[in-house]
Amino acid sequence: MDLEIFNKCQDSIDRDSEIREVTCTILFSPPHNTDRNVPQNILPTFAARTTKSFQFQKEAIQNLASLASQHPFYKYNALWSRTLQNAAFAVLFRDWLVNEGNAYIAYYSESSKHEERDESTETSQENDDVRSEVGQFTSLERVCETLGGEYFVVGLMDLIMYMIGNDGIAVKTGLDDENTFHLTLEEYLQATISLINELSRLALNSVIMTENSNYSTPIRINHFIKQLQAGFLMLNLKNDALRSRVDSIKYDVKKVEEVIYDLSLRGLIRK
Amino acid sequence: MSVSVSVATIDRKTVTALFSSFGSALDAHHDARDRVIKASRDITAASKKIIFALQRVKYADAEIQRDDANKAGIKLESKIVGDICGLEEKIKDAFCAVKDDLQGAGAWRYQRQISGAIQEYIEALLFREYLTERWILSHEEVQKLIGHEYLVTYSDYILGLLDTTGELMRFAITNLYDVTASGAVQVSAIAKQICQLLRTLRIGFSGLRVNSSSHSSSTEFVKKLNTLYNSVDKVEKAVYSLIVRGSELPEGWIPGDDDDNARI
């Protein structure tokens, strides 16, 4: 019986816990900070106010990425998965809010001209930003870009090819480099569900916080999350963490629908 | 910061295209995961069968290479060797079936799914190697036997080795005594050797510093370590009581023959 076995095991254990500790320190350092209760009237200036937080977030993630890339990706993935999910959610939410700010302004400049809005405008690309149901769903690539900047994106090309393909079809079944740091699809989808959760709150809060009777935001939220809900229904889910969160979407939809119902019952939203 | 870029108008078409690509990526992942789980079950089942076959080896009847009393290993009966070969074939096939899924990033992605099977197989390999060669395989040797295309973590190795100690305990207890030519009952060489080995392993394992909160396998480690302590106790007590009380047995007493003696 060779006791050398135990020395080698000990080395491996020590290395492992060291990496875990260092990784966790990075995760705990600069937290991202998004103001979740955004009053409507600050929406237009919102992006500028969060720039700093997002810069912090980006730097932290770059640190994490350079450390994590030295090890097999999935070995320590669980350590930062949750944090990265929240970071991705922050990006999704920020982008949605920025877009909502634009839509909000557009909506009011439009209605101040007392024009009947043409709901049947199908060519949205040409005269977008005026339609009340516009909502921004930030793509995975862009979330990654915002999260980690160039560093993140370089390693990401593979993943993007793999997930989206050129015409929306998954073309590759695996990453070439097992160490490439990236936001996983599951993390992105989880972040999307966080966005839905948060928007259902915002639907209520936008009614509460509005000073000049703007009830258009809940309508846009309603449209937006229903589209996403339809998307999630297309997925074959296992009985896992993602599944239970996808199941929660229907409660968010219901919550927003009730807001819409209340508002339309009282004639507070224009048809 | 330019924030107004790529405003994706969310309409049915975009969502459908986007989520169908997500769907196929998720499906591919789930399929791979299922294949690994299935292989894992097959490997575990076959490994368990190997271990049971080895437990059935009757040490007293087995052909022992007696040239070196301390190193003496058991030469397995050809029937058992045949059984084990068949089972190993199954294990190889199961591993082959998920070879691609466990390459690259997949090695760690599905590590949790295959880990149990690898531990069980390590247990079978270690147990057999000890019975036949009196040797505890190292992590490198195990990795070589399983194949370098599959990831064998240290954690798997440690947990597999801990499981093996349980099997060694059982083997020592079932083959506790020998009956000499003169009819005297004595502690068998294998039981003594296993007792010694378990004590050594106990020292080795109790010296490992494992950060108990860092990951899930460490709680498993602590649990199995306690089992090892119990196993060592059990074997020590059994050997002790056979040495002490065995001397009180009447001459010519053959274990298991009590009933026959009473009748005569």
# chains A, B, ... in the order shown; residues from 1 in each chain; ligands from 1

$ select_by_dssp --residues "segment 63-258 of chain B" --states "helix (DSSP H, G or I)" --output "count of residues only"
127

$ interface_residues --of "chain B" --to "chain A" --cutoff "9 Å" --atoms "only C-alpha atoms" --output "VMD selection string"
chain B and resid 1 3 to 4 6 to 12 15 to 30 101 103 to 111 134 to 139 154 to 155 157 to 158 197 200 to 201 204 to 205 207 to 211 214 to 215

$ residues_around --residues "Ala238 of chain B" --least-positions-apart "5" --cutoff "12 Å" --atoms "only C-alpha atoms" --output "ChimeraX atom specification"
/B:169-170,172-177,186-188,191-192,195,231-233,243-246

$ write_last_selection --atoms "N, CA, C and O atoms" --output "short mmCIF file (atom, residue, chain, number, x, y, z; two decimals), in the first residue's frame"
data_model
loop_
_atom_site.label_atom_id
_atom_site.label_comp_id
_atom_site.auth_asym_id
_atom_site.auth_seq_id
_atom_site.Cartn_x
_atom_site.Cartn_y
_atom_site.Cartn_z
N MET B 169 -13.88 -5.01 3.81
CA MET B 169 -14.37 -5.39 5.13
C MET B 169 -15.24 -6.64 5.02
O MET B 169 -15.04 -7.63 5.73
N ARG B 170 -16.18 -6.59 4.09
CA ARG B 170 -17.07 -7.75 3.92
C ARG B 170 -16.29 -9.02 3.59
O ARG B 170 -16.56 -10.10 4.11
N ALA B 172 -13.17 -9.67 4.29
CA ALA B 172 -12.40 -10.12 5.45
C ALA B 172 -13.29 -10.86 6.43
O ALA B 172 -12.90 -11.90 6.98
N ILE B 173 -14.52 -10.36 6.63
CA ILE B 173 -15.42 -11.01 7.58
C ILE B 173 -15.85 -12.39 7.09
O ILE B 173 -15.85 -13.36 7.83
N THR B 174 -16.20 -12.49 5.80
CA THR B 174 -16.63 -13.81 5.29
C THR B 174 -15.48 -14.80 5.25
O THR B 174 -15.70 -16.00 5.30
N ASN B 175 -14.27 -14.31 5.09
CA ASN B 175 -13.12 -15.22 5.03
C ASN B 175 -12.21 -15.03 6.23
O ASN B 175 -11.00 -14.97 6.11
N LEU B 176 -12.86 -14.95 7.38
CA LEU B 176 -12.13 -14.56 8.59
C LEU B 176 -11.13 -15.62 9.04
O LEU B 176 -10.04 -15.31 9.48
N TYR B 177 -11.55 -16.90 8.96
CA TYR B 177 -10.69 -17.93 9.57
C TYR B 177 -10.21 -18.97 8.56
O TYR B 177 -10.80 -19.14 7.49
N GLN B 186 -7.67 -20.68 12.84
CA GLN B 186 -6.84 -19.49 13.00
C GLN B 186 -7.32 -18.36 12.10
O GLN B 186 -8.07 -18.59 11.15
N VAL B 187 -6.92 -17.16 12.40
CA VAL B 187 -7.28 -16.03 11.56
C VAL B 187 -6.61 -16.20 10.21
O VAL B 187 -5.42 -16.50 10.13
N SER B 188 -7.39 -16.06 9.15
CA SER B 188 -6.82 -16.30 7.83
C SER B 188 -5.84 -15.19 7.46
O SER B 188 -5.93 -14.06 7.96
N ALA B 191 -7.58 -12.12 5.99
CA ALA B 191 -8.23 -11.25 6.97
C ALA B 191 -7.21 -10.37 7.67
O ALA B 191 -7.44 -9.18 7.88
N LYS B 192 -6.06 -10.94 8.01
CA LYS B 192 -5.00 -10.16 8.64
C LYS B 192 -4.50 -9.06 7.71
O LYS B 192 -4.33 -7.91 8.12
N CYS B 195 -7.08 -6.39 7.33
CA CYS B 195 -7.13 -5.61 8.56
C CYS B 195 -6.00 -4.58 8.56
O CYS B 195 -6.21 -3.40 8.83
N SER B 231 -15.97 0.22 9.46
CA SER B 231 -15.47 -1.02 8.86
C SER B 231 -14.20 -1.47 9.55
O SER B 231 -14.02 -2.66 9.85
N VAL B 232 -13.29 -0.51 9.79
CA VAL B 232 -12.03 -0.86 10.44
C VAL B 232 -12.32 -1.45 11.82
O VAL B 232 -11.79 -2.51 12.18
N ASP B 233 -13.20 -0.78 12.56
CA ASP B 233 -13.60 -1.29 13.88
C ASP B 233 -14.08 -2.72 13.80
O ASP B 233 -13.70 -3.58 14.59
N ILE B 243 -8.97 -14.38 17.69
CA ILE B 243 -7.69 -14.74 18.31
C ILE B 243 -7.90 -15.12 19.78
O ILE B 243 -7.41 -16.14 20.25
N VAL B 244 -8.69 -14.28 20.48
CA VAL B 244 -8.89 -14.54 21.91
C VAL B 244 -9.74 -15.78 22.16
O VAL B 244 -9.35 -16.71 22.86
N ARG B 245 -10.91 -15.80 21.51
CA ARG B 245 -11.83 -16.90 21.81
C ARG B 245 -11.52 -18.15 21.01
O ARG B 245 -11.89 -19.25 21.40
N GLY B 246 -10.85 -17.99 19.89
CA GLY B 246 -10.52 -19.14 19.05
C GLY B 246 -9.68 -20.14 19.82
O GLY B 246 -9.82 -21.36 19.64
#

$ residues_around --residues "Thr146 of chain A" --least-positions-apart "4" --cutoff "9 Å" --atoms "only C-alpha atoms" --output "tab-separated table (two decimals) with C-alpha atoms, in the first residue's frame"
chain	number	residue	atom	x	y	z
A	54	PHE	CA	-22.27	48.51	-15.77
A	58	LYS	CA	-17.93	44.54	-16.97
A	88	ALA	CA	-27.24	39.21	-17.71
A	91	VAL	CA	-28.34	44.05	-19.08
A	141	GLU	CA	-24.66	38.14	-28.37
A	142	ARG	CA	-25.37	41.64	-27.26

$ residues_around --residues "segment 112-120 of chain B" --least-positions-apart "3" --cutoff "10 Å" --atoms "only C-alpha atoms" --output "ChimeraX atom specification"
/B:33-48,51,91,95,98,102,107-109,123-126,146,150-153,155-164,217

$ select_by_dssp --residues "segment 17-264 of chain B" --states "strand (DSSP E)" --output "list in words"
Glu63, Ile64, Ile74, Lys75, Tyr177, Asp178, Val179, Val185, Gln186 and Val187 of chain B

$ write_last_selection --atoms "N, CA, C and O atoms" --output "short mmCIF file (atom, residue, chain, number, x, y, z; two decimals), in the first residue's frame"
data_model
loop_
_atom_site.label_atom_id
_atom_site.label_comp_id
_atom_site.auth_asym_id
_atom_site.auth_seq_id
_atom_site.Cartn_x
_atom_site.Cartn_y
_atom_site.Cartn_z
N GLU B 63 -7.36 -21.00 -5.35
CA GLU B 63 -5.98 -21.39 -5.58
C GLU B 63 -5.10 -20.19 -5.22
O GLU B 63 -5.20 -19.14 -5.84
N ILE B 64 -4.30 -20.35 -4.23
CA ILE B 64 -3.52 -19.22 -3.74
C ILE B 64 -2.08 -19.38 -4.18
O ILE B 64 -1.49 -20.46 -4.08
N ILE B 74 -5.02 -14.10 -5.00
CA ILE B 74 -5.89 -15.22 -5.34
C ILE B 74 -5.95 -15.36 -6.84
O ILE B 74 -6.12 -14.37 -7.55
N LYS B 75 -5.83 -16.58 -7.31
CA LYS B 75 -6.07 -16.80 -8.72
C LYS B 75 -7.55 -17.11 -8.86
O LYS B 75 -8.06 -18.05 -8.26
N TYR B 177 -11.55 -16.90 8.96
CA TYR B 177 -10.69 -17.93 9.57
C TYR B 177 -10.21 -18.97 8.56
O TYR B 177 -10.80 -19.14 7.49
N ASP B 178 -9.18 -19.64 8.96
CA ASP B 178 -8.59 -20.76 8.22
C ASP B 178 -8.64 -21.96 9.14
O ASP B 178 -8.60 -21.81 10.35
N VAL B 179 -8.73 -23.14 8.56
CA VAL B 179 -8.58 -24.32 9.39
C VAL B 179 -7.29 -25.00 8.94
O VAL B 179 -7.14 -25.32 7.75
N VAL B 185 -8.28 -23.77 14.32
CA VAL B 185 -8.88 -22.60 13.68
C VAL B 185 -7.97 -21.40 13.91
O VAL B 185 -7.54 -21.16 15.04
N GLN B 186 -7.67 -20.68 12.84
CA GLN B 186 -6.84 -19.49 13.00
C GLN B 186 -7.32 -18.36 12.10
O GLN B 186 -8.07 -18.59 11.15
N VAL B 187 -6.92 -17.16 12.40
CA VAL B 187 -7.28 -16.03 11.56
C VAL B 187 -6.61 -16.20 10.21
O VAL B 187 -5.42 -16.50 10.13
#
